[in-house]
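Asker: Here you go, this is coords01.cif (mmCIF, C-alpha atoms).
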```cif
data_my_file
loop_
_atom_site.group_PDB
_atom_site.id
_atom_site.type_symbol
_atom_site.label_atom_id
_atom_site.label_comp_id
_atom_site.auth_asym_id
_atom_site.auth_seq_id
_atom_site.Cartn_x
_atom_site.Cartn_y
_atom_site.Cartn_z
ATOM 1 C CA MET G 1 116.301 15.761 85.203
ATOM 2 C CA ALA G 2 114.862 14.635 88.421
ATOM 3 C CA GLY G 3 114.018 17.893 90.090
ATOM 4 C CA VAL G 4 110.481 18.508 91.023
ATOM 5 C CA GLY G 5 110.403 22.081 89.972
ATOM 6 C CA GLY G 6 112.673 21.526 87.032
ATOM 7 C CA GLY G 7 110.417 19.035 85.430
ATOM 8 C CA ALA G 8 107.565 21.383 84.896
ATOM 9 C CA PRO G 9 108.057 23.745 81.996
ATOM 10 C CA GLU G 10 108.335 27.300 83.248
ATOM 11 C CA PRO G 11 107.587 29.856 80.628
ATOM 12 C CA ARG G 12 108.964 32.793 82.637
ATOM 13 C CA SER G 13 112.291 31.375 83.684
ATOM 14 C CA HIS G 14 115.203 32.714 81.742
ATOM 15 C CA GLY G 15 117.929 30.311 80.801
ATOM 16 C CA LYS G 16 118.538 27.055 82.455
ATOM 17 C CA LYS G 17 119.900 28.298 85.767
ATOM 18 C CA LYS G 18 117.925 27.414 88.771
ATOM 19 C CA ARG G 19 117.815 29.696 91.746
ATOM 20 C CA LYS G 20 116.728 28.941 95.191
ATOM 21 C CA LYS G 21 114.087 31.389 96.086
ATOM 22 C CA GLY G 22 113.637 32.375 99.669
ATOM 23 C CA LYS G 23 110.126 32.254 100.798
ATOM 24 C CA ARG G 24 108.655 35.727 100.871
ATOM 25 C CA ILE G 25 106.494 36.592 103.741
ATOM 26 C CA GLY G 26 104.297 39.501 103.005
ATOM 27 C CA ILE G 27 104.544 41.919 105.892
ATOM 28 C CA ARG G 28 101.901 44.564 105.970
ATOM 29 C CA ILE G 29 102.302 47.360 108.418
ATOM 30 C CA ASP G 30 99.346 49.529 109.010
ATOM 31 C CA MET G 31 100.749 52.940 108.265
ATOM 32 C CA THR G 32 97.604 54.897 108.980
ATOM 33 C CA PRO G 33 98.639 56.300 112.400
ATOM 34 C CA LEU G 34 102.013 57.257 110.969
ATOM 35 C CA VAL G 35 100.390 59.102 108.135
ATOM 36 C CA ASP G 36 97.994 60.759 110.541
ATOM 37 C CA VAL G 37 100.793 62.124 112.649
ATOM 38 C CA ALA G 38 102.801 63.127 109.606
ATOM 39 C CA PHE G 39 99.924 65.082 108.159
ATOM 40 C CA LEU G 40 99.150 66.674 111.478
ATOM 41 C CA LEU G 41 102.708 67.977 111.730
ATOM 42 C CA LEU G 42 102.665 68.927 108.082
ATOM 43 C CA THR G 43 99.599 71.085 108.433
ATOM 44 C CA PHE G 44 101.015 72.636 111.586
ATOM 45 C CA PHE G 45 104.249 73.674 109.908
ATOM 46 C CA MET G 46 102.498 74.781 106.765
ATOM 47 C CA LEU G 47 100.214 77.068 108.703
ATOM 48 C CA THR G 48 102.902 78.529 110.916
ATOM 49 C CA THR G 49 105.397 79.210 108.153
ATOM 50 C CA SER G 50 105.308 82.660 106.686
ATOM 51 C CA MET G 51 106.990 82.490 103.351
ATOM 52 C CA SER G 52 107.099 86.075 102.271
ATOM 53 C CA ARG G 53 109.626 88.416 103.713
ATOM 54 C CA PRO G 54 108.423 91.972 104.050
ATOM 55 C CA GLN G 55 109.349 94.585 101.493
ATOM 56 C CA THR G 56 111.662 97.398 102.356
ATOM 57 C CA MET G 57 112.463 100.790 101.016
ATOM 58 C CA GLU G 58 116.077 101.846 101.011
ATOM 59 C CA ILE G 59 117.171 105.271 102.160
ATOM 60 C CA ASN G 60 120.595 106.808 101.983
ATOM 61 C CA LEU G 61 121.321 109.805 104.093
ATOM 62 C CA PRO G 62 124.170 112.166 103.400
ATOM 63 C CA PRO G 63 127.098 111.098 105.606
ATOM 64 C CA ASP G 64 127.713 114.528 107.034
ATOM 65 C CA GLU G 65 124.838 116.717 108.025
ATOM 66 C CA ASN G 66 126.880 119.907 107.928
ATOM 67 C CA VAL G 67 127.591 119.805 104.239
ATOM 68 C CA LYS G 68 125.670 122.499 102.433
ATOM 69 C CA VAL G 69 124.655 121.867 98.895
ATOM 70 C CA GLU G 70 123.928 124.853 96.740
ATOM 71 C CA ILE G 71 121.035 124.386 94.397
ATOM 72 C CA ALA G 72 119.648 126.850 91.922
ATOM 73 C CA GLU G 73 116.233 128.073 92.939
ATOM 74 C CA SER G 74 114.653 126.963 89.703
ATOM 75 C CA ASN G 75 115.864 123.402 90.306
ATOM 76 C CA LEU G 76 114.264 123.081 93.684
ATOM 77 C CA ILE G 77 110.798 121.907 94.421
ATOM 78 C CA THR G 78 109.674 121.922 98.003
ATOM 79 C CA LEU G 79 106.926 119.631 99.172
ATOM 80 C CA ARG G 80 105.443 120.502 102.505
ATOM 81 C CA VAL G 81 103.054 118.250 104.339
ATOM 82 C CA ASN G 82 100.996 119.570 107.202
ATOM 83 C CA ASP G 83 99.789 117.625 110.209
ATOM 84 C CA LYS G 84 96.639 116.523 108.389
ATOM 85 C CA GLY G 85 98.623 114.965 105.587
ATOM 86 C CA GLU G 86 97.788 117.626 103.001
ATOM 87 C CA VAL G 87 100.499 118.246 100.432
ATOM 88 C CA PHE G 88 101.651 121.691 99.350
ATOM 89 C CA TRP G 89 104.268 122.355 96.725
ATOM 90 C CA ASN G 90 106.253 125.302 95.528
ATOM 91 C CA ARG G 91 109.167 125.979 93.231
ATOM 92 C CA GLY G 92 112.037 127.983 94.634
ATOM 93 C CA MET G 93 110.622 130.741 96.790
ATOM 94 C CA ASP G 94 107.126 130.856 95.325
ATOM 95 C CA ALA G 95 104.088 130.657 97.511
ATOM 96 C CA PRO G 96 103.050 127.085 98.274
ATOM 97 C CA GLU G 97 100.033 125.651 96.503
ATOM 98 C CA LYS G 98 97.913 122.775 97.610
ATOM 99 C CA MET G 99 98.078 119.579 95.625
ATOM 100 C CA GLU G 100 96.006 116.426 95.633
ATOM 101 C CA PHE G 101 98.063 113.453 96.734
ATOM 102 C CA ALA G 102 96.835 111.419 93.774
ATOM 103 C CA LYS G 103 98.234 113.940 91.313
ATOM 104 C CA LEU G 104 101.656 114.042 92.946
ATOM 105 C CA ARG G 105 103.243 111.206 90.997
ATOM 106 C CA GLY G 106 102.283 112.513 87.568
ATOM 107 C CA PHE G 107 103.285 116.030 88.492
ATOM 108 C CA ILE G 108 106.730 115.041 89.774
ATOM 109 C CA ARG G 109 107.343 112.815 86.778
ATOM 110 C CA GLU G 110 106.552 115.678 84.410
ATOM 111 C CA GLN G 111 108.826 117.998 86.311
ATOM 112 C CA VAL G 112 111.703 115.519 86.308
ATOM 113 C CA GLN G 113 111.362 114.929 82.600
ATOM 114 C CA SER G 114 111.437 118.616 81.809
ATOM 115 C CA ASN G 115 114.316 119.287 84.170
ATOM 116 C CA PRO G 116 116.576 116.335 85.074
ATOM 117 C CA LYS G 117 118.560 118.434 87.544
ATOM 118 C CA LEU G 118 115.531 118.880 89.742
ATOM 119 C CA VAL G 119 115.879 118.263 93.451
ATOM 120 C CA THR G 120 112.950 117.780 95.780
ATOM 121 C CA LEU G 121 112.995 118.883 99.354
ATOM 122 C CA VAL G 122 110.420 117.225 101.551
ATOM 123 C CA LYS G 123 109.313 118.853 104.772
ATOM 124 C CA ILE G 124 106.847 116.981 106.887
ATOM 125 C CA ASP G 125 105.142 118.250 109.999
ATOM 126 C CA PRO G 126 106.267 116.230 113.061
ATOM 127 C CA LYS G 127 102.606 115.659 113.937
ATOM 128 C CA ALA G 128 101.863 114.074 110.588
ATOM 129 C CA LYS G 129 101.663 110.315 110.368
ATOM 130 C CA TYR G 130 104.603 108.109 109.586
ATOM 131 C CA GLU G 131 102.544 106.587 106.802
ATOM 132 C CA THR G 132 102.469 109.966 105.080
ATOM 133 C CA MET G 133 106.229 110.027 104.850
ATOM 134 C CA VAL G 134 106.342 106.504 103.439
ATOM 135 C CA ASN G 135 103.651 107.395 100.924
ATOM 136 C CA ILE G 136 105.421 110.539 99.782
ATOM 137 C CA MET G 137 108.725 108.761 99.424
ATOM 138 C CA ASP G 138 107.055 105.948 97.580
ATOM 139 C CA GLU G 139 105.444 108.388 95.161
ATOM 140 C CA LEU G 140 108.789 110.068 94.566
ATOM 141 C CA ASN G 141 110.444 106.739 93.882
ATOM 142 C CA GLN G 142 107.643 105.798 91.521
ATOM 143 C CA ALA G 143 108.039 109.075 89.696
ATOM 144 C CA GLU G 144 111.738 108.258 89.211
ATOM 145 C CA MET G 145 112.741 111.149 91.349
ATOM 146 C CA GLN G 146 116.091 109.899 92.575
ATOM 147 C CA ARG G 147 117.305 112.968 94.366
ATOM 148 C CA PHE G 148 115.238 114.148 97.224
ATOM 149 C CA SER G 149 116.095 115.171 100.702
ATOM 150 C CA ILE G 150 114.143 115.391 103.895
ATOM 151 C CA ALA G 151 114.412 118.464 106.039
ATOM 152 C CA ARG G 152 112.964 119.411 109.370
ATOM 153 C CA MET G 153 109.912 121.576 109.259
ATOM 154 C CA THR G 154 110.505 124.905 110.901
ATOM 155 C CA GLU G 155 107.912 127.067 112.617
ATOM 156 C CA GLN G 156 108.212 129.403 109.683
ATOM 157 C CA ASP G 157 107.011 126.635 107.389
ATOM 158 C CA GLN G 158 104.159 125.832 109.711
ATOM 159 C CA THR G 159 102.903 129.404 109.804
ATOM 160 C CA LEU G 160 103.288 129.583 106.037
ATOM 161 C CA LEU G 161 101.035 126.587 105.625
ATOM 162 C CA ALA G 162 98.577 127.857 108.198
ATOM 163 C CA ASN G 163 98.261 131.137 106.312
ATOM 164 C CA ILE G 164 97.454 129.392 103.047
ATOM 165 C CA LYS G 165 94.590 127.594 104.671
ATOM 166 C CA LYS G 166 93.073 130.839 105.863
ATOM 167 C CA GLY G 167 93.576 132.603 102.559
ATOM 168 C CA MET S 1 65.286 35.555 108.485
ATOM 169 C CA PRO S 2 68.625 35.101 106.904
ATOM 170 C CA LYS S 3 70.007 38.267 105.536
ATOM 171 C CA ILE S 4 72.074 38.313 102.475
ATOM 172 C CA LYS S 5 75.278 39.909 103.453
ATOM 173 C CA PRO S 6 77.123 41.740 100.765
ATOM 174 C CA LYS S 7 80.557 40.367 100.304
ATOM 175 C CA ARG S 8 83.197 42.598 101.702
ATOM 176 C CA HIS S 9 86.183 43.210 99.588
ATOM 177 C CA GLY S 10 89.196 44.142 101.558
ATOM 178 C CA VAL S 11 90.571 47.185 99.773
ATOM 179 C CA LEU S 12 94.188 47.802 100.498
ATOM 180 C CA ILE S 13 95.692 51.001 99.223
ATOM 181 C CA ASP S 14 99.417 51.266 99.105
ATOM 182 C CA MET S 15 100.050 54.399 101.073
ATOM 183 C CA THR S 16 103.831 54.414 100.754
ATOM 184 C CA PRO S 17 104.104 57.151 98.080
ATOM 185 C CA LEU S 18 101.664 59.277 100.013
ATOM 186 C CA VAL S 19 103.738 58.920 103.143
ATOM 187 C CA ASP S 20 106.883 59.652 101.170
ATOM 188 C CA VAL S 21 105.509 62.916 99.889
ATOM 189 C CA ALA S 22 104.055 63.833 103.262
ATOM 190 C CA PHE S 23 107.381 63.311 104.986
ATOM 191 C CA LEU S 24 109.226 65.185 102.285
ATOM 192 C CA LEU S 25 106.988 68.202 102.778
ATOM 193 C CA LEU S 26 107.157 67.782 106.525
ATOM 194 C CA THR S 27 110.950 67.876 106.595
ATOM 195 C CA PHE S 28 110.940 70.829 104.215
ATOM 196 C CA PHE S 29 108.610 72.864 106.368
ATOM 197 C CA MET S 30 110.354 71.841 109.558
ATOM 198 C CA LEU S 31 113.707 72.958 108.246
ATOM 199 C CA THR S 32 112.510 76.216 106.767
ATOM 200 C CA THR S 33 110.452 77.313 109.745
ATOM 201 C CA GLN S 34 111.999 79.868 112.012
ATOM 202 C CA PHE S 35 110.249 80.561 115.207
ATOM 203 C CA LYS S 36 110.075 84.214 115.971
ATOM 204 C CA PRO S 37 110.165 85.449 119.514
ATOM 205 C CA PRO S 38 106.932 87.250 120.287
ATOM 206 C CA GLU S 39 106.868 90.875 119.254
ATOM 207 C CA GLU S 40 106.876 93.452 121.972
ATOM 208 C CA VAL S 41 104.342 95.668 120.263
ATOM 209 C CA GLN S 42 101.912 95.202 117.455
ATOM 210 C CA ILE S 43 102.965 97.220 114.444
ATOM 211 C CA ASN S 44 100.779 97.890 111.441
ATOM 212 C CA LEU S 45 103.106 98.440 108.545
ATOM 213 C CA PRO S 46 102.464 101.076 105.928
ATOM 214 C CA SER S 47 102.412 99.888 102.336
ATOM 215 C CA SER S 48 104.530 100.902 99.395
ATOM 216 C CA ASN S 49 105.417 99.797 95.889
ATOM 217 C CA SER S 50 109.000 99.059 96.793
ATOM 218 C CA VAL S 51 110.222 95.592 95.859
ATOM 219 C CA PHE S 52 113.409 95.311 97.900
ATOM 220 C CA LYS S 53 113.390 92.325 100.190
ATOM 221 C CA LEU S 54 114.355 92.490 103.803
ATOM 222 C CA PRO S 55 117.800 90.946 104.353
ATOM 223 C CA GLU S 56 117.607 87.580 106.067
ATOM 224 C CA SER S 57 120.286 87.890 108.693
ATOM 225 C CA ASP S 58 122.231 90.534 110.563
ATOM 226 C CA VAL S 59 119.220 92.757 110.942
ATOM 227 C CA MET S 60 118.804 95.402 113.584
ATOM 228 C CA THR S 61 115.210 96.510 113.810
ATOM 229 C CA LEU S 62 114.064 99.811 115.190
ATOM 230 C CA SER S 63 110.348 99.547 115.837
ATOM 231 C CA LEU S 64 108.339 102.691 116.299
ATOM 232 C CA SER S 65 105.074 101.977 117.997
ATOM 233 C CA LYS S 66 101.844 103.857 117.598
ATOM 234 C CA ASP S 67 102.217 105.551 120.971
ATOM 235 C CA GLY S 68 105.675 106.838 120.190
ATOM 236 C CA ARG S 69 107.906 104.323 121.909
ATOM 237 C CA ILE S 70 111.078 102.999 120.325
ATOM 238 C CA PHE S 71 112.066 99.349 120.449
ATOM 239 C CA LEU S 72 115.440 98.016 119.446
ATOM 240 C CA GLY S 73 115.496 94.464 118.187
ATOM 241 C CA LEU S 74 118.193 92.154 116.902
ATOM 242 C CA ASP S 75 117.744 88.908 115.035
ATOM 243 C CA SER S 76 120.555 86.942 116.659
ATOM 244 C CA GLN S 77 119.895 85.620 120.114
ATOM 245 C CA ARG S 78 123.571 85.661 121.058
ATOM 246 C CA LEU S 79 123.904 89.330 120.273
ATOM 247 C CA ARG S 80 120.699 90.123 122.136
ATOM 248 C CA GLY S 81 122.120 88.388 125.195
ATOM 249 C CA ARG S 82 125.282 90.455 125.041
ATOM 250 C CA LEU S 83 123.563 93.745 124.396
ATOM 251 C CA PHE S 84 120.391 93.549 126.434
ATOM 252 C CA GLY S 85 121.559 91.221 129.200
ATOM 253 C CA LYS S 86 120.749 87.576 129.762
ATOM 254 C CA GLU S 87 117.262 88.130 131.080
ATOM 255 C CA ASN S 88 116.126 89.860 127.897
ATOM 256 C CA GLU S 89 117.777 87.372 125.562
ATOM 257 C CA LEU S 90 114.541 85.747 124.475
ATOM 258 C CA LYS S 91 112.682 88.970 123.814
ATOM 259 C CA ALA S 92 112.551 90.198 120.248
ATOM 260 C CA GLY S 93 113.385 93.701 121.300
ATOM 261 C CA ILE S 94 113.544 96.004 124.255
ATOM 262 C CA GLU S 95 112.261 99.458 124.724
ATOM 263 C CA VAL S 96 114.971 102.057 124.464
ATOM 264 C CA PRO S 97 114.605 105.681 125.538
ATOM 265 C CA LYS S 98 115.501 108.147 122.822
ATOM 266 C CA GLU S 99 118.511 109.490 124.699
ATOM 267 C CA LYS S 100 120.126 106.069 125.043
ATOM 268 C CA LEU S 101 119.440 104.966 121.504
ATOM 269 C CA ALA S 102 122.641 106.377 120.030
ATOM 270 C CA ASP S 103 124.805 104.506 122.568
ATOM 271 C CA MET S 104 122.932 101.273 121.988
ATOM 272 C CA LEU S 105 123.306 101.598 118.242
ATOM 273 C CA ILE S 106 127.037 102.178 118.507
ATOM 274 C CA GLN S 107 127.435 99.208 120.872
ATOM 275 C CA ALA S 108 125.468 96.949 118.575
ATOM 276 C CA ARG S 109 127.458 98.056 115.567
ATOM 277 C CA THR S 110 130.776 97.410 117.293
ATOM 278 C CA MET S 111 129.653 93.908 118.272
ATOM 279 C CA ASN S 112 128.610 93.112 114.735
ATOM 280 C CA PRO S 113 129.697 95.589 112.055
ATOM 281 C CA LYS S 114 127.662 93.759 109.440
ATOM 282 C CA LEU S 115 124.368 94.744 111.031
ATOM 283 C CA ARG S 116 121.864 96.314 108.700
ATOM 284 C CA THR S 117 119.509 98.826 110.169
ATOM 285 C CA VAL S 118 115.842 98.597 109.465
ATOM 286 C CA ILE S 119 113.115 100.939 110.628
ATOM 287 C CA LYS S 120 109.760 99.376 111.233
ATOM 288 C CA GLY S 121 107.318 102.119 111.939
ATOM 289 C CA ASP S 122 103.652 101.874 112.677
ATOM 290 C CA ARG S 123 101.625 103.592 110.027
ATOM 291 C CA ASP S 124 99.853 105.695 112.624
ATOM 292 C CA ALA S 125 102.992 106.695 114.465
ATOM 293 C CA GLU S 126 103.842 110.358 114.468
ATOM 294 C CA TYR S 127 106.370 111.431 111.899
ATOM 295 C CA GLY S 128 108.273 113.391 114.548
ATOM 296 C CA ILE S 129 109.571 110.192 116.143
ATOM 297 C CA ALA S 130 110.724 108.847 112.824
ATOM 298 C CA GLN S 131 112.469 112.132 112.218
ATOM 299 C CA ASP S 132 114.239 111.978 115.577
ATOM 300 C CA VAL S 133 115.296 108.388 114.976
ATOM 301 C CA MET S 134 116.636 109.260 111.541
ATOM 302 C CA ASP S 135 118.615 112.126 113.047
ATOM 303 C CA ILE S 136 120.099 109.761 115.608
ATOM 304 C CA LEU S 137 120.986 107.318 112.846
ATOM 305 C CA GLN S 138 122.711 110.045 110.915
ATOM 306 C CA LYS S 139 124.661 111.112 113.977
ATOM 307 C CA THR S 140 125.806 107.532 114.591
ATOM 308 C CA LYS S 141 126.970 107.342 110.974
ATOM 309 C CA ILE S 142 124.303 104.900 109.895
ATOM 310 C CA THR S 143 123.463 106.592 106.660
ATOM 311 C CA ARG S 144 121.967 103.645 104.874
ATOM 312 C CA PHE S 145 118.913 101.989 106.253
ATOM 313 C CA ASN S 146 115.662 100.451 105.125
ATOM 314 C CA LEU S 147 112.056 101.104 105.947
ATOM 315 C CA VAL S 148 109.912 98.021 106.270
ATOM 316 C CA THR S 149 106.667 98.197 104.341
ATOM 317 C CA ASN S 150 104.036 95.898 103.028
ATOM 318 C CA LEU S 151 103.537 95.535 99.327
ATOM 319 C CA LYS S 152 100.790 97.810 98.127
ATOM 320 C CA LYS S 153 97.936 96.025 96.460
ATOM 321 C CA ASN S 154 96.740 97.816 93.398
#
```
Hey, can you dump this file as structure tokens for me?
Answerer:
Amino acid sequence: MAGVGGGAPEPRSHGKKKRKKGKRIGIRIDMTPLVDVAFLLLTFFMLTTSMSRPQTMEINLPPDENVKVEIAESNLITLRVNDKGEVFWNRGMDAPEKMEFAKLRGFIREQVQSNPKLVTLVKIDPKAKYETMVNIMDELNQAEMQRFSIARMTEQDQTLLANIKKG
Amino acid sequence: MPKIKPKRHGVLIDMTPLVDVAFLLLTFFMLTTQFKPPEEVQINLPSSNSVFKLPESDVMTLSLSKDGRIFLGLDSQRLRGRLFGKENELKAGIEVPKEKLADMLIQARTMNPKLRTVIKGDRDAEYGIAQDVMDILQKTKITRFNLVTNLKKN
């Protein structure tokens, strides 16, 4: 054995095969600017991305507006909302009574449980806020009131509500 | 006077894993980002407890602004170009008078029957406009639509 390297005992070499090792040149690239730019872009995209999609509330309208549905008076609850967002309720043809908005959910839930056939008719003053409608519909959904319809508020309704306020 | 200089140790940190992770996140955010065209009007959404998510594509948005104007918006740029004309292609939506809304809705629906209608009303908008828009929707046989809301924080 005349090799220079082979002569010395190498504890780490496995077997007797000798390999020619290419000389390794350690190349060090300074990656700092790269990382800087990468993080800059990263923060930019992280801040501009909006992850959450907005929530929606689904509404199904009856396909034909001319279809009349007959409902027993006792199964109908009418909710009227005036232009100030105050809620009035009545059953059938009774006189409307004022109700606190906070009590609406519990009230509707009770009514639905005692009478599953109940239908709610919602009439909102055109001058009321859009938020009011969303709130009312949200409360009805929360109270598991599946069947409700929205009707236009007539002048008759408006005078009815105005009279309650005076009385 | 000779100062005793402290010996400097060159500290080299291997930044490769850091860069790997940074680039991974970077590509992720770059691919998921969608740039929205600027909104025509600022709309403050009302909040509700509803948990339905807005569909991601094929959305037709009807925005009702605080001062009672109606804006029709579509999410696909191609469709916007065909419906609103080339010059309005990059706008998120255009203002539509109430009388023309029904025609526009029918045109949009014939171009893409998969469109889902979404109403995005300002919380301080008058209910009357929403009512009119819903009547128009019913007349154009769009009987299923969604109202965009924020999630209510309890």
Asker: For chain G against chain S, which residues fall within 10 Å using only C-alpha atoms, given as a compact mmCIF listing (two decimals) with C-alpha atoms, keeping the file's coordinate frame?
Answerer:
```txt
# COMPACT_ATOMS: atom_id res chain seq x y z
CA ARG G 28 101.90 44.56 105.97
CA ASP G 30 99.35 49.53 109.01
CA MET G 31 100.75 52.94 108.26
CA THR G 32 97.60 54.90 108.98
CA LEU G 34 102.01 57.26 110.97
CA VAL G 35 100.39 59.10 108.14
CA ASP G 36 97.99 60.76 110.54
CA ALA G 38 102.80 63.13 109.61
CA PHE G 39 99.92 65.08 108.16
CA LEU G 40 99.15 66.67 111.48
CA LEU G 41 102.71 67.98 111.73
CA LEU G 42 102.66 68.93 108.08
CA THR G 43 99.60 71.08 108.43
CA PHE G 44 101.02 72.64 111.59
CA PHE G 45 104.25 73.67 109.91
CA MET G 46 102.50 74.78 106.76
CA LEU G 47 100.21 77.07 108.70
CA THR G 48 102.90 78.53 110.92
CA THR G 49 105.40 79.21 108.15
CA SER G 50 105.31 82.66 106.69
CA MET G 51 106.99 82.49 103.35
CA SER G 52 107.10 86.08 102.27
CA ARG G 53 109.63 88.42 103.71
CA PRO G 54 108.42 91.97 104.05
CA GLN G 55 109.35 94.58 101.49
CA THR G 56 111.66 97.40 102.36
CA MET G 57 112.46 100.79 101.02
CA GLU G 58 116.08 101.85 101.01
CA ILE G 59 117.17 105.27 102.16
CA ASN G 60 120.60 106.81 101.98
CA LEU G 61 121.32 109.80 104.09
CA PRO G 62 124.17 112.17 103.40
CA PRO G 63 127.10 111.10 105.61
CA ASP G 64 127.71 114.53 107.03
CA GLU G 65 124.84 116.72 108.02
CA ASP G 83 99.79 117.62 110.21
CA ILE G 124 106.85 116.98 106.89
CA ASP G 125 105.14 118.25 110.00
CA PRO G 126 106.27 116.23 113.06
CA LYS G 127 102.61 115.66 113.94
CA ALA G 128 101.86 114.07 110.59
CA LYS G 129 101.66 110.32 110.37
CA TYR G 130 104.60 108.11 109.59
CA GLU G 131 102.54 106.59 106.80
CA THR G 132 102.47 109.97 105.08
CA MET G 133 106.23 110.03 104.85
CA VAL G 134 106.34 106.50 103.44
CA ASN G 135 103.65 107.40 100.92
CA ILE G 136 105.42 110.54 99.78
CA MET G 137 108.72 108.76 99.42
CA ASP G 138 107.06 105.95 97.58
CA GLU G 139 105.44 108.39 95.16
CA ASN G 141 110.44 106.74 93.88
CA GLN G 142 107.64 105.80 91.52
CA ILE G 150 114.14 115.39 103.90
CA ALA G 151 114.41 118.46 106.04
CA ARG G 152 112.96 119.41 109.37
CA MET G 153 109.91 121.58 109.26
```
Asker: Could you tell me which of S:Val133, S:Ile94, S:Ile70, S:Leu79 comes closest to S:Gln107 if we count only C-alpha atoms?
Answerer: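 That would be S:Leu79, the residue with the smallest distance to S:Gln107.
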Asker: Figure out the distance between atom CA of G:Ala143 and atom CA of S:Asn44, please, to one decimal in Å.
Answerer: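 Computed distance, atom CA of S:Asn44 to atom CA of G:Ala143, equals 25.5 Å.
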Asker: So which residues get picked by the PyMOL selection byres ((chain G and resi 98) around 9) here, written as a list in words?
Answerer: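 The output of the PyMOL selection byres ((chain G and resi 98) around 9) on this file is Glu86, Val87, Phe88, Trp89, Asn90, Pro96, Glu97, Met99, Glu100 and Ile164 of chain G.
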Asker: Can you spit out the residues from that selection as a PDB file, keeping the file's coordinate frame, using C-alpha atoms?
Answerer:
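Listed below is the output, out.pdb:
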```
ATOM      1  CA  GLU G  86      97.788 117.626 103.001  1.00  0.00           C
ATOM      2  CA  VAL G  87     100.499 118.246 100.432  1.00  0.00           C
ATOM      3  CA  PHE G  88     101.651 121.691  99.350  1.00  0.00           C
ATOM      4  CA  TRP G  89     104.268 122.355  96.725  1.00  0.00           C
ATOM      5  CA  ASN G  90     106.253 125.302  95.528  1.00  0.00           C
ATOM      6  CA  PRO G  96     103.050 127.085  98.274  1.00  0.00           C
ATOM      7  CA  GLU G  97     100.033 125.651  96.503  1.00  0.00           C
ATOM      8  CA  MET G  99      98.078 119.579  95.625  1.00  0.00           C
ATOM      9  CA  GLU G 100      96.006 116.426  95.633  1.00  0.00           C
ATOM     10  CA  ILE G 164      97.454 129.392 103.047  1.00  0.00           C
TER      11      ILE G 164
END
```
Asker: Looking at S:Leu83, S:Ser76, S:Lys100, S:Asn88, which one is nearest to S:Ser57, with distances taken over only C-alpha atoms?
Answerer: S:Ser76
Asker: Can you give me, as a list in words, the residues this file yields under the PyMOL selection byres ((chain S and resi 90) around 8)?
Answerer: Pro37, Gln77, Arg80, Glu87, Asn88, Glu89, Lys91 and Ala92 of chain S
Asker: Just want the 12 Å neighbourhood of S:Pro113, counted on all atoms listed in the file, with same-chain residues fewer than 2 positions away dropped. Output as a VMD selection string.
Answerer: chain S and resid 58 to 60 79 105 to 111 115 to 117 142
Asker: Mind pulling up the distance from atom CA of G:Glu110 to atom CA of G:Ile71?
Answerer: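 Between atom CA of G:Ile71 and atom CA of G:Glu110 the gap is 19.6 Å.
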Asker: Taking the file as shown, find all residues satisfying the PyMOL selection byres ((chain G and resi 157) around 10) and write them as a list in words.
Answerer: Arg80, Val81, Asn82, Pro96, Lys123, Ile124, Asp125, Arg152, Met153, Thr154, Glu155, Gln156, Gln158, Thr159, Leu160, Leu161, Ala162 and Asn163 of chain G
Asker: To one decimal in Å, tell me the separation between atom CA of G:Lys103 and atom CA of G:Leu140.
Answerer: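 Spanning atom CA of G:Lys103 to atom CA of G:Leu140 is a straight-line distance of 11.7 Å.
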Asker: My list of candidates is G:Val37, G:Ile77, G:Ile108, G:Ala95. Which is closest to G:Leu121 when distances are computed with all atoms listed in the file?
Answerer: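 Looking at the shortest contact to G:Leu121, the residue is G:Ile77.
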Asker: Report the centre and edge lengths, in Å to one decimal, of an axis-aligned box enclosing every atom of stretch 90-105 of chain S listed in the file, padded by 3 Å on each side, as lines of an AutoDock Vina configuration file.
Answerer:
```
center_x = 118.5
center_y = 97.6
center_z = 121.9
size_x = 18.5
size_y = 29.7
size_z = 13.3
```
